$ cat entry.csv   # CSV, C-alpha atoms
chain,number,residue,atom,x,y,z
Q,13,MET,CA,102.7,104.7,-74.7
Q,14,SER,CA,105.5,105.1,-72.1
Q,15,GLU,CA,108.1,104.8,-74.8
Q,16,PHE,CA,107.2,108.4,-75.8
Q,17,LEU,CA,107.8,109.8,-72.3
Q,18,SER,CA,111.0,111.7,-71.5
Q,19,ASN,CA,113.5,110.3,-69.0
Q,20,ARG,CA,113.0,113.4,-66.7
Q,21,VAL,CA,109.3,112.9,-66.3
Q,22,GLN,CA,109.8,109.2,-65.5
Q,23,LYS,CA,112.2,110.1,-62.7
Q,24,ILE,CA,109.7,112.1,-60.7
Q,25,LYS,CA,106.5,111.2,-58.8
Q,26,PRO,CA,103.1,112.9,-58.7
Q,27,SER,CA,102.4,115.2,-55.8
Q,28,THR,CA,101.1,113.0,-53.0
Q,29,THR,CA,99.1,115.8,-51.3
Q,30,LEU,CA,97.3,116.5,-54.6
Q,31,ALA,CA,96.7,112.8,-55.2
Q,32,ILE,CA,95.2,112.4,-51.7
Q,33,THR,CA,93.0,115.4,-52.2
Q,34,ALA,CA,91.9,114.0,-55.6
Q,35,LYS,CA,91.1,110.6,-54.2
Q,36,ALA,CA,89.1,112.2,-51.3
Q,37,ASN,CA,87.1,114.3,-53.8
Q,38,GLU,CA,86.4,111.1,-55.9
Q,39,LEU,CA,85.0,109.4,-52.8
Q,40,LYS,CA,83.0,112.5,-51.9
Q,41,ALA,CA,81.5,112.4,-55.5
Q,42,GLN,CA,80.3,108.9,-54.7
Q,43,GLY,CA,78.3,110.2,-51.7
Q,44,ILE,CA,80.8,109.1,-49.1
Q,45,LYS,CA,81.4,111.7,-46.3
Q,46,ILE,CA,85.2,112.2,-46.2
Q,47,ILE,CA,86.8,114.3,-43.6
Q,48,SER,CA,89.6,116.0,-45.6
Q,49,MET,CA,92.7,116.6,-43.4
Q,50,GLY,CA,95.2,116.3,-46.3
Q,51,SER,CA,94.8,119.6,-48.1
Q,52,GLY,CA,97.2,122.4,-47.3
Q,53,GLU,CA,94.9,125.4,-47.8
Q,54,PRO,CA,93.0,127.6,-45.3
Q,55,ASP,CA,89.3,126.8,-45.0
Q,56,PHE,CA,88.5,130.5,-44.9
Q,57,ASP,CA,87.1,132.5,-47.8
Q,58,THR,CA,89.3,135.1,-49.4
Q,59,PRO,CA,88.5,138.4,-47.7
Q,60,LYS,CA,85.9,140.6,-49.3
Q,61,ASN,CA,88.2,143.5,-50.0
Q,62,ILE,CA,90.5,141.2,-51.9
Q,63,GLN,CA,87.7,139.6,-53.8
Q,64,GLN,CA,86.4,143.1,-54.8
Q,65,ALA,CA,89.8,144.0,-56.1
Q,66,GLY,CA,89.7,141.1,-58.4
Q,67,ILE,CA,86.1,142.0,-59.5
Q,68,ASP,CA,87.2,145.6,-60.1
Q,69,ALA,CA,90.1,144.4,-62.2
Q,70,ILE,CA,87.7,142.6,-64.5
Q,71,ASN,CA,85.3,145.5,-64.6
Q,72,ASN,CA,88.2,147.9,-65.4
Q,73,ALA,CA,89.4,145.6,-68.2
Q,74,GLN,CA,92.7,144.8,-66.5
Q,75,THR,CA,92.7,141.5,-68.3
Q,76,ARG,CA,95.7,141.8,-70.7
Q,77,TYR,CA,99.3,140.7,-70.5
Q,78,THR,CA,101.4,142.3,-67.9
Q,79,ALA,CA,105.2,142.4,-67.5
Q,80,VAL,CA,106.5,138.8,-67.3
Q,81,ASP,CA,107.7,139.3,-63.7
Q,82,GLY,CA,104.6,141.1,-62.5
Q,83,MET,CA,103.0,144.5,-62.9
Q,84,PRO,CA,105.1,147.4,-61.4
Q,85,GLU,CA,102.5,148.3,-58.7
Q,86,LEU,CA,102.5,144.7,-57.4
Q,87,LYS,CA,106.3,144.6,-57.4
Q,88,ASN,CA,106.3,147.9,-55.4
Q,89,ALA,CA,103.9,146.4,-52.9
Q,90,ILE,CA,106.2,143.4,-52.6
Q,91,ILE,CA,109.2,145.6,-52.0
Q,92,SER,CA,107.3,147.6,-49.4
Q,93,LYS,CA,106.2,144.4,-47.7
Q,94,PHE,CA,109.8,143.2,-47.3
Q,95,LYS,CA,110.9,146.6,-45.9
Q,96,ARG,CA,107.9,146.9,-43.6
Q,97,GLU,CA,107.8,143.4,-42.2
Q,98,ASN,CA,111.4,142.0,-42.6
Q,99,ASN,CA,113.6,145.1,-42.8
Q,100,LEU,CA,115.0,143.9,-46.1
Q,101,ASP,CA,115.7,146.3,-49.0
Q,102,TYR,CA,115.1,145.3,-52.6
Q,103,THR,CA,114.7,147.1,-55.9
Q,104,ALA,CA,112.3,146.2,-58.7
Q,105,ASN,CA,115.0,144.2,-60.5
Q,106,GLU,CA,115.4,142.0,-57.4
Q,107,VAL,CA,111.8,140.8,-57.1
Q,108,ILE,CA,109.5,138.6,-59.2
Q,109,ALA,CA,105.8,137.7,-59.1
Q,110,SER,CA,104.9,134.2,-60.3
Q,111,SER,CA,102.0,131.8,-60.6
Q,112,GLY,CA,102.3,130.6,-57.0
Q,113,GLY,CA,105.2,130.0,-54.7
Q,114,LYS,CA,105.8,126.7,-56.4
Q,115,GLN,CA,106.7,128.4,-59.6
Q,116,VAL,CA,109.2,130.6,-57.8
Q,117,PHE,CA,111.0,127.5,-56.6
Q,118,TYR,CA,110.8,125.8,-60.0
Q,119,ASN,CA,112.1,128.9,-61.8
Q,120,LEU,CA,115.0,129.1,-59.4
Q,121,CYS,CA,116.0,125.4,-59.9
Q,122,GLN,CA,115.8,125.8,-63.7
Q,123,ALA,CA,117.8,129.0,-63.5
Q,124,VAL,CA,120.8,128.0,-61.3
Q,125,LEU,CA,121.1,124.2,-61.3
Q,126,ASN,CA,123.1,122.0,-63.6
Q,127,THR,CA,123.6,118.2,-64.0
Q,128,GLY,CA,125.8,117.0,-61.1
Q,129,ASP,CA,124.9,119.8,-58.7
Q,130,GLU,CA,123.6,118.9,-55.3
Q,131,VAL,CA,120.8,120.5,-53.3
Q,132,ILE,CA,120.6,120.0,-49.5
Q,133,ILE,CA,117.0,119.5,-48.4
Q,134,PRO,CA,116.3,118.8,-44.7
Q,135,ALA,CA,113.6,116.1,-44.2
Q,136,PRO,CA,110.7,116.2,-43.5
Q,137,TYR,CA,110.4,118.4,-46.5
Q,138,TRP,CA,107.6,119.8,-48.7
Q,139,VAL,CA,106.8,117.1,-51.2
Q,140,SER,CA,107.8,119.1,-54.4
Q,141,TYR,CA,111.3,120.2,-53.4
Q,142,PRO,CA,113.2,117.0,-54.5
Q,143,ASP,CA,111.3,116.5,-57.7
Q,144,MET,CA,111.8,120.0,-58.9
Q,145,VAL,CA,115.5,119.6,-58.2
Q,146,ILE,CA,115.5,116.4,-60.3
Q,147,LEU,CA,113.6,118.1,-63.1
Q,148,ALA,CA,116.6,120.6,-63.2
Q,149,GLY,CA,119.0,117.7,-63.6
Q,150,ALA,CA,120.5,118.1,-60.1
Q,151,THR,CA,120.6,115.7,-57.1
Q,152,PRO,CA,118.6,116.1,-53.9
Q,153,VAL,CA,120.7,115.4,-50.8
Q,154,ILE,CA,118.2,114.6,-48.1
Q,155,VAL,CA,119.3,115.2,-44.5
Q,156,GLU,CA,117.0,113.4,-42.0
Q,157,THR,CA,115.9,115.3,-38.9
Q,158,GLY,CA,113.4,113.9,-36.5
Q,159,LEU,CA,111.2,114.4,-33.5
Q,160,GLY,CA,114.3,114.3,-31.2
Q,161,GLN,CA,115.7,117.5,-32.8
Q,162,ASP,CA,112.3,119.2,-33.4
Q,163,PHE,CA,112.5,118.4,-37.1
Q,164,LYS,CA,115.3,121.0,-37.6
Q,165,ILE,CA,118.7,120.5,-39.3
Q,166,THR,CA,121.7,121.1,-37.1
Q,167,PRO,CA,124.8,123.0,-38.0
Q,168,GLU,CA,126.8,119.8,-37.8
Q,169,GLN,CA,124.4,118.0,-40.2
Q,170,LEU,CA,124.6,120.9,-42.6
Q,171,GLU,CA,128.4,121.0,-42.5
Q,172,ASN,CA,128.6,117.2,-43.0
Q,173,SER,CA,126.3,117.3,-46.0
Q,174,ILE,CA,128.3,119.9,-47.9
Q,175,THR,CA,130.5,118.7,-50.8
Q,176,GLU,CA,132.2,120.5,-53.7
Q,177,LYS,CA,129.0,119.8,-55.7
Q,178,THR,CA,126.7,121.6,-53.3
Q,179,LYS,CA,124.9,124.4,-55.1
Q,180,LEU,CA,121.8,125.1,-53.1
Q,181,PHE,CA,120.5,124.8,-49.5
Q,182,VAL,CA,116.7,124.8,-48.8
Q,183,ILE,CA,115.2,126.0,-45.6
Q,184,ASN,CA,111.4,126.2,-44.8
Q,185,SER,CA,110.3,127.9,-41.6
Q,186,PRO,CA,107.5,127.6,-40.4
Q,187,SER,CA,107.7,124.1,-42.0
Q,188,ASN,CA,105.3,122.2,-44.1
Q,189,PRO,CA,104.7,119.4,-42.9
Q,190,THR,CA,105.9,119.8,-39.3
Q,191,GLY,CA,105.0,123.3,-38.2
Q,192,ALA,CA,108.6,123.6,-36.9
Q,193,LEU,CA,109.9,127.2,-36.6
Q,194,TYR,CA,113.6,128.0,-36.5
Q,195,SER,CA,114.7,130.6,-33.9
Q,196,LYS,CA,117.1,133.5,-34.6
Q,197,THR,CA,119.9,131.7,-32.7
Q,198,GLN,CA,119.4,128.5,-34.7
Q,199,LEU,CA,119.4,130.4,-38.0
Q,200,GLN,CA,122.5,132.3,-37.0
Q,201,ALA,CA,124.3,129.0,-36.3
Q,202,LEU,CA,123.3,127.7,-39.8
Q,203,ALA,CA,124.4,131.0,-41.4
Q,204,LYS,CA,127.8,130.7,-39.8
Q,205,ILE,CA,128.3,127.4,-41.6
Q,206,LEU,CA,127.1,128.7,-44.9
Q,207,LYS,CA,129.3,131.8,-44.7
Q,208,LYS,CA,132.3,129.4,-44.9
Q,209,HIS,CA,131.0,128.1,-48.3
Q,210,PRO,CA,130.4,131.0,-50.6
Q,211,GLN,CA,129.5,128.8,-53.5
Q,212,ILE,CA,126.2,127.8,-52.0
Q,213,LEU,CA,123.0,129.6,-52.7
Q,214,ILE,CA,120.2,129.6,-50.1
Q,215,ILE,CA,116.4,129.6,-50.6
Q,216,SER,CA,114.3,130.5,-47.7
Q,217,ASP,CA,110.7,129.4,-48.1
Q,218,ASP,CA,108.7,131.8,-46.0
Q,219,ILE,CA,105.2,131.0,-47.3
Q,220,TYR,CA,103.9,130.3,-43.8
Q,221,GLU,CA,105.6,133.4,-42.3
Q,222,HIS,CA,102.4,134.9,-40.9
Q,223,ILE,CA,100.9,131.7,-39.6
Q,224,ARG,CA,102.6,131.2,-36.3
Q,225,TRP,CA,101.7,131.5,-32.6
Q,226,THR,CA,104.9,131.5,-30.5
Q,227,GLY,CA,104.7,135.2,-29.9
Q,228,ASP,CA,108.2,135.8,-31.2
Q,229,ASP,CA,108.9,138.0,-34.2
Q,230,PHE,CA,109.4,136.2,-37.5
Q,231,VAL,CA,113.0,135.7,-38.5
Q,232,ASN,CA,114.3,134.1,-41.7
Q,233,ILE,CA,118.0,133.2,-42.3
Q,234,LEU,CA,118.7,136.4,-44.2
Q,235,MET,CA,117.2,138.5,-41.4
Q,236,ALA,CA,119.4,136.5,-39.0
Q,237,ASN,CA,122.6,137.3,-41.1
Q,238,LYS,CA,122.4,139.9,-43.8
Q,239,ASP,CA,125.9,139.0,-45.0
Q,240,LEU,CA,124.1,136.3,-47.0
Q,241,LYS,CA,122.0,138.7,-49.1
Q,242,ASN,CA,124.1,138.3,-52.3
Q,243,ARG,CA,123.2,134.6,-52.4
Q,244,THR,CA,119.8,134.2,-50.7
Q,245,ILE,CA,116.5,134.0,-52.4
Q,246,ILE,CA,113.3,134.6,-50.4
Q,247,LEU,CA,110.1,132.7,-51.4
Q,248,ASN,CA,106.7,133.9,-50.3
Q,249,GLY,CA,103.2,134.5,-51.5
Q,250,VAL,CA,99.6,135.4,-50.7
Q,251,SER,CA,98.1,131.8,-50.7
Q,252,LYS,CA,98.3,130.9,-47.1
Q,253,ALA,CA,98.2,134.3,-45.2
Q,254,TYR,CA,95.2,135.6,-47.2
Q,255,ALA,CA,93.4,132.4,-48.0
Q,256,MET,CA,94.2,132.9,-51.7
Q,257,THR,CA,95.4,129.4,-52.8
Q,258,GLY,CA,93.4,129.4,-56.0
Q,259,TRP,CA,94.5,132.9,-57.1
Q,260,ARG,CA,98.0,131.5,-57.7
Q,261,ILE,CA,100.3,134.4,-56.8
Q,262,GLY,CA,103.7,133.8,-55.2
Q,263,TYR,CA,106.7,136.1,-55.2
Q,264,GLY,CA,110.5,135.9,-54.8
Q,265,ALA,CA,113.3,138.3,-54.0
Q,266,GLY,CA,117.0,137.9,-54.4
Q,267,PRO,CA,120.2,138.9,-56.2
Q,268,GLN,CA,119.4,140.8,-59.5
Q,269,ASP,CA,121.2,138.4,-61.8
Q,270,ILE,CA,119.4,135.4,-60.4
Q,271,ILE,CA,116.0,137.1,-60.5
Q,272,LYS,CA,116.7,138.1,-64.1
Q,273,ALA,CA,117.4,134.4,-64.9
Q,274,MET,CA,114.2,133.3,-63.2
Q,275,LYS,CA,112.3,135.9,-65.2
Q,276,LYS,CA,113.8,134.4,-68.4
Q,277,ILE,CA,112.6,130.9,-67.4
Q,278,GLN,CA,109.1,132.3,-66.6
Q,279,GLY,CA,109.0,134.2,-69.9
Q,280,GLN,CA,109.5,130.9,-71.8
Q,281,SER,CA,107.0,128.9,-69.7
Q,282,THR,CA,103.9,130.7,-68.2
Q,283,SER,CA,104.8,134.3,-68.9
Q,284,ASN,CA,103.1,136.7,-66.5
Q,285,PRO,CA,100.9,135.5,-63.6
Q,286,CYS,CA,97.2,136.2,-64.0
Q,287,SER,CA,96.5,140.0,-64.2
Q,288,ILE,CA,93.3,139.8,-62.2
Q,289,SER,CA,95.1,137.8,-59.4
Q,290,GLN,CA,97.9,140.3,-59.4
Q,291,MET,CA,95.4,143.1,-58.6
Q,292,ALA,CA,93.9,141.0,-55.8
Q,293,ALA,CA,97.4,140.3,-54.4
Q,294,LEU,CA,98.1,144.0,-54.5
Q,295,GLU,CA,95.1,144.6,-52.3
Q,296,ALA,CA,96.1,141.8,-50.0
Q,297,LEU,CA,99.6,143.3,-49.4
Q,298,ASN,CA,98.5,146.9,-49.2
Q,299,GLY,CA,95.1,146.5,-47.5
Q,300,THR,CA,93.9,145.6,-44.1
Q,301,GLN,CA,95.7,142.6,-42.5
Q,302,ASP,CA,92.8,141.6,-40.2
Q,303,ILE,CA,92.3,138.2,-41.8
Q,304,ILE,CA,95.7,137.0,-40.6
Q,305,ASN,CA,94.9,137.4,-36.9
Q,306,ILE,CA,91.5,135.8,-37.3
Q,307,MET,CA,92.9,132.8,-39.1
Q,308,VAL,CA,95.9,132.4,-36.7
Q,309,SER,CA,93.6,132.5,-33.7
Q,310,ALA,CA,91.5,129.7,-35.2
Q,311,PHE,CA,94.5,127.6,-36.2
Q,312,LYS,CA,96.0,127.9,-32.7
Q,313,GLN,CA,92.7,126.7,-31.1
Q,314,ARG,CA,92.6,123.8,-33.5
Q,315,HIS,CA,96.2,123.0,-33.0
Q,316,ASP,CA,95.9,122.8,-29.2
Q,317,PHE,CA,92.9,120.5,-29.5
Q,318,ILE,CA,94.3,118.1,-32.0
Q,319,THR,CA,97.7,117.9,-30.3
Q,320,ASP,CA,96.1,116.8,-27.0
Q,321,ALA,CA,93.6,114.5,-28.7
Q,322,LEU,CA,96.2,112.7,-30.8
Q,323,ASN,CA,98.5,112.3,-27.9
Q,324,ALA,CA,95.7,110.6,-26.0
Q,325,ILE,CA,95.6,107.8,-28.6
Q,326,ASP,CA,97.7,104.8,-27.9
Q,327,GLY,CA,100.6,104.5,-30.4
Q,328,VAL,CA,100.5,108.2,-31.4
Q,329,GLU,CA,103.1,110.8,-30.4
Q,330,CYS,CA,102.2,114.3,-31.6
Q,331,PRO,CA,104.7,117.2,-31.1
Q,332,ILE,CA,103.7,120.8,-30.6
Q,333,SER,CA,103.7,122.8,-33.8
Q,334,GLN,CA,104.8,126.4,-33.8
Q,335,GLY,CA,103.3,127.5,-37.0
Q,336,ALA,CA,101.7,126.6,-40.4
Q,337,PHE,CA,98.5,124.5,-39.9
Q,338,TYR,CA,99.8,121.0,-39.7
Q,339,SER,CA,100.4,118.3,-37.0
Q,340,PHE,CA,103.0,115.7,-37.8
Q,341,PRO,CA,102.7,112.9,-35.3
Q,342,ARG,CA,104.8,109.8,-35.1
Q,343,VAL,CA,102.4,106.8,-35.6
Q,344,THR,CA,104.7,103.8,-35.5
Q,345,GLY,CA,102.9,102.4,-32.4
Q,346,LEU,CA,99.5,102.7,-34.1
Q,347,ILE,CA,100.8,101.0,-37.2
Q,348,ARG,CA,102.0,98.1,-35.2
Q,349,ARG,CA,98.7,97.9,-33.2
Q,350,LEU,CA,96.7,97.7,-36.4
Q,351,GLY,CA,99.0,95.1,-38.0
Q,352,LEU,CA,99.9,97.4,-40.9
Q,353,LYS,CA,103.2,97.7,-42.7
Q,354,ASP,CA,103.9,101.5,-42.8
Q,355,ASP,CA,102.5,105.0,-42.8
Q,356,ILE,CA,101.3,104.6,-46.4
Q,357,GLU,CA,99.1,101.6,-45.4
Q,358,LEU,CA,97.9,103.6,-42.4
Q,359,SER,CA,96.8,106.5,-44.6
Q,360,THR,CA,95.1,104.1,-47.0
Q,361,TYR,CA,93.3,102.5,-44.0
Q,362,CYS,CA,92.2,105.9,-42.7
Q,363,LEU,CA,90.8,106.9,-46.0
Q,364,GLU,CA,89.1,103.6,-46.9
Q,365,LYS,CA,87.9,102.4,-43.5
Q,366,LEU,CA,87.6,105.6,-41.5
Q,367,ASN,CA,86.9,108.1,-44.3
Q,368,ILE,CA,89.7,110.4,-43.1
Q,369,ALA,CA,92.1,111.8,-45.7
Q,370,LEU,CA,95.6,112.1,-44.4
Q,371,VAL,CA,99.0,112.3,-46.1
Q,372,PRO,CA,101.6,109.7,-45.2
Q,373,GLY,CA,104.9,111.0,-43.8
Q,374,SER,CA,106.8,109.0,-46.5
Q,375,ALA,CA,105.7,111.7,-49.0
Q,376,PHE,CA,107.7,114.2,-47.0
Q,377,GLY,CA,110.7,112.0,-46.5
Q,378,ALA,CA,109.7,110.8,-43.0
Q,379,THR,CA,108.5,107.2,-42.7
Q,380,GLY,CA,106.4,106.4,-39.6
Q,381,TYR,CA,104.6,109.7,-39.5
Q,382,VAL,CA,101.4,111.2,-41.0
Q,383,ARG,CA,100.4,114.8,-41.7
Q,384,PHE,CA,97.1,116.1,-40.3
Q,385,SER,CA,96.1,119.5,-41.8
Q,386,PHE,CA,93.9,121.4,-39.3
Q,387,ALA,CA,93.0,123.9,-42.0
Q,388,THR,CA,89.5,122.6,-41.6
Q,389,SER,CA,86.6,123.1,-39.1
Q,390,MET,CA,86.8,122.2,-35.5
Q,391,ASP,CA,83.9,119.9,-36.0
Q,392,ASN,CA,85.7,118.0,-38.7
Q,393,ILE,CA,88.8,117.7,-36.5
Q,394,GLN,CA,86.7,116.4,-33.6
Q,395,GLN,CA,85.0,113.9,-35.8
Q,396,ALA,CA,88.3,112.7,-37.3
Q,397,VAL,CA,89.9,112.2,-33.9
Q,398,LYS,CA,86.8,110.4,-32.7
Q,399,ARG,CA,86.9,108.0,-35.6
Q,400,LEU,CA,90.6,107.4,-35.1
Q,401,SER,CA,90.2,106.9,-31.3
Q,402,LYS,CA,87.7,104.1,-31.9
Q,403,VAL,CA,90.2,102.0,-33.8
$ encode --input "entry.csv" --output "structure tokens"
Amino acid sequence: MSEFLSNRVQKIKPSTTLAITAKANELKAQGIKIISMGSGEPDFDTPKNIQQAGIDAINNAQTRYTAVDGMPELKNAIISKFKRENNLDYTANEVIASSGGKQVFYNLCQAVLNTGDEVIIPAPYWVSYPDMVILAGATPVIVETGLGQDFKITPEQLENSITEKTKLFVINSPSNPTGALYSKTQLQALAKILKKHPQILIISDDIYEHIRWTGDDFVNILMANKDLKNRTIILNGVSKAYAMTGWRIGYGAGPQDIIKAMKKIQGQSTSNPCSISQMAALEALNGTQDIINIMVSAFKQRHDFITDALNAIDGVECPISQGAFYSFPRVTGLIRRLGLKDDIELSTYCLEKLNIALVPGSAFGATGYVRFSFATSMDNIQQAVKRLSKV
């Protein structure tokens, strides 16, 4: 029946991370004990106060349509969050609440990109960036970074990638999949290049803003240079910081005309995000923030263990992560030792032979690497490393 499919859907690939998770769940259903280190979601429960806010919303019959771009009280909480934590000022017409951070990015691509436009995406990248660009008819321009430059794009690379067709630049810090975190100085250097090219929009994906352990204050590219405000869109959400992945609430902030266009796209696709989830997100942003420190402390402990343990395995080179909850080791030596072809075969080997679910680096535009998610228990991490060490 492929003759009925559109050209656009045949140009994109399924999400590898979701596919790995689905395969792991399939094996689990067969009674096989799988250690899942592929999924990018905290293993903590949503805090009780946030759960209760959702329950209260149901009991208070807050189950009807809301404004397409989010209920006013949630938008006010988002505005307050940006002022309180990032010293950025927005109005209600400059923010939007969506069904997850992924929808914010999708809305933006649909709202601003045309056929022939180019989007600069540093690799390793989150798996969905290029495909959402393609769905908008534009062309992803992948700029390879690597272990030698801490997985961060340099000003020279950015400058050399810009053409007259460049419409959008994507930056994600802390990064999925590498955990790399740009410093203020590094962001200022990138901003200096972008200031010379006023036709380029910028999206800063800050979804892992709160999950970091360097001790430095968080800085995104707009905080590093506020002259870029009229063409920067900030993406964030409650999924990672508050263990609310299934609630599906993301939000964005940016220039009014762009947010208005994103609202138009959302109005003709999903309409408003879930009303119950919005009330839970309101409590997440306005209520106690204790869960963040608890999770970050656990993630840091797991990070330190897995980094040392992986580096002790012959053929594995694991850099230090600065945030998020991923390790992204280079495994080319291990691939050679096992007589495998690439990171995809290694990930398949780990799933089928060792019962460990990992995501191949190729899915993120980085061959020869794999992504370990340590958003799982220390016991699972220890068991996974033990199995891998026995190879």
$ closest_residue --input "entry.csv" --among "Q:Arg314, Q:Arg20, Q:Lys238, Q:Arg224" --to "Ser385 of chain Q" --atoms "all atoms listed in the file"
Q:Arg314
$ closest_atom_pairs --input "entry.csv" --of "segment 366-402 of chain Q" --to "segment 302-312 of chain Q" --cutoff "12 Å" --atoms "all atoms listed in the file" --output "CSV"
residue,atom,partner,partner_atom,distance
Q:Ser385,CA,Q:Phe311,CA,10.0
Q:Phe386,CA,Q:Phe311,CA,7.0
Q:Ala387,CA,Q:Phe311,CA,7.0
Q:Thr388,CA,Q:Phe311,CA,8.9
Q:Ser389,CA,Q:Ala310,CA,9.1
Q:Met390,CA,Q:Ala310,CA,8.9
Q:Ile393,CA,Q:Phe311,CA,11.4
$ write_last_selection --input "entry.csv" --atoms "C-alpha atoms" --output "CSV table (one decimal), in the frame of the given file"
chain,number,residue,atom,x,y,z
Q,385,SER,CA,96.1,119.5,-41.8
Q,386,PHE,CA,93.9,121.4,-39.3
Q,387,ALA,CA,93.0,123.9,-42.0
Q,388,THR,CA,89.5,122.6,-41.6
Q,389,SER,CA,86.6,123.1,-39.1
Q,390,MET,CA,86.8,122.2,-35.5
Q,393,ILE,CA,88.8,117.7,-36.5
$ residues_around --input "entry.csv" --residues "segment 198-201 of chain Q" --least-positions-apart "5" --cutoff "10 Å" --atoms "all atoms listed in the file" --output "number ranges by chain"
Q: 164-168, 183, 193, 206, 231-237
$ residues_near_point --input "entry.csv" --point "(111.2, 144.9, -56.9)" --cutoff "6 Å" --atoms "only C-alpha atoms" --output "list in words"
Lys87, Asn88, Ile91, Tyr102, Thr103, Ala104, Asn105, Glu106 and Val107 of chain Q
$ atom_distance --input "entry.csv" --atom1 "atom CA of Ala34 of chain Q" --atom2 "atom CA of Thr157 of chain Q"
29.3 Å
$ atom_distance --input "entry.csv" --atom1 "atom CA of Gly82 of chain Q" --atom2 "atom CA of Ile70 of chain Q"
17.1 Å
$ residues_around --input "entry.csv" --residues "Val182 of chain Q" --least-positions-apart "2" --cutoff "9 Å" --atoms "only C-alpha atoms" --output "list in words"
Val131, Ile132, Ile133, Pro134, Tyr141, Leu180, Asn184, Leu213, Ile214, Ile215, Ser216 and Asp217 of chain Q
$ build_atoms --input "entry.csv" --residues "segment 198-209 of chain Q" --atoms "N, CA, C and O atoms" --output "compact mmCIF listing (two decimals), keeping the file's coordinate frame"
# COMPACT_ATOMS: atom_id res chain seq x y z
N GLN Q 198 119.20 129.68 -33.86
CA GLN Q 198 119.40 128.50 -34.70
C GLN Q 198 119.77 128.90 -36.13
O GLN Q 198 120.64 128.29 -36.76
N LEU Q 199 119.11 129.93 -36.64
CA LEU Q 199 119.40 130.40 -38.00
C LEU Q 199 120.80 131.00 -38.09
O LEU Q 199 121.50 130.83 -39.08
N GLN Q 200 121.20 131.72 -37.06
CA GLN Q 200 122.50 132.30 -37.00
C GLN Q 200 123.61 131.21 -37.06
O GLN Q 200 124.66 131.36 -37.70
N ALA Q 201 123.34 130.10 -36.36
CA ALA Q 201 124.30 129.00 -36.30
C ALA Q 201 124.41 128.35 -37.71
O ALA Q 201 125.52 127.98 -38.15
N LEU Q 202 123.29 128.21 -38.42
CA LEU Q 202 123.30 127.70 -39.80
C LEU Q 202 124.02 128.65 -40.73
O LEU Q 202 124.80 128.25 -41.60
N ALA Q 203 123.75 129.94 -40.55
CA ALA Q 203 124.40 131.00 -41.40
C ALA Q 203 125.89 130.97 -41.22
O ALA Q 203 126.64 131.20 -42.19
N LYS Q 204 126.34 130.70 -40.03
CA LYS Q 204 127.80 130.70 -39.80
C LYS Q 204 128.45 129.57 -40.61
O LYS Q 204 129.56 129.77 -41.14
N ILE Q 205 127.79 128.42 -40.76
CA ILE Q 205 128.30 127.40 -41.60
C ILE Q 205 128.30 127.78 -43.06
O ILE Q 205 129.29 127.61 -43.80
N LEU Q 206 127.21 128.36 -43.50
CA LEU Q 206 127.10 128.70 -44.90
C LEU Q 206 128.03 129.84 -45.31
O LEU Q 206 128.46 129.89 -46.47
N LYS Q 207 128.38 130.70 -44.39
CA LYS Q 207 129.30 131.80 -44.70
C LYS Q 207 130.70 131.19 -45.10
O LYS Q 207 131.46 131.82 -45.84
N LYS Q 208 131.01 130.01 -44.61
CA LYS Q 208 132.30 129.40 -44.90
C LYS Q 208 132.28 128.75 -46.33
O LYS Q 208 133.32 128.32 -46.82
N HIS Q 209 131.11 128.71 -46.97
CA HIS Q 209 131.00 128.10 -48.30
C HIS Q 209 130.28 129.01 -49.24
O HIS Q 209 129.09 128.86 -49.52
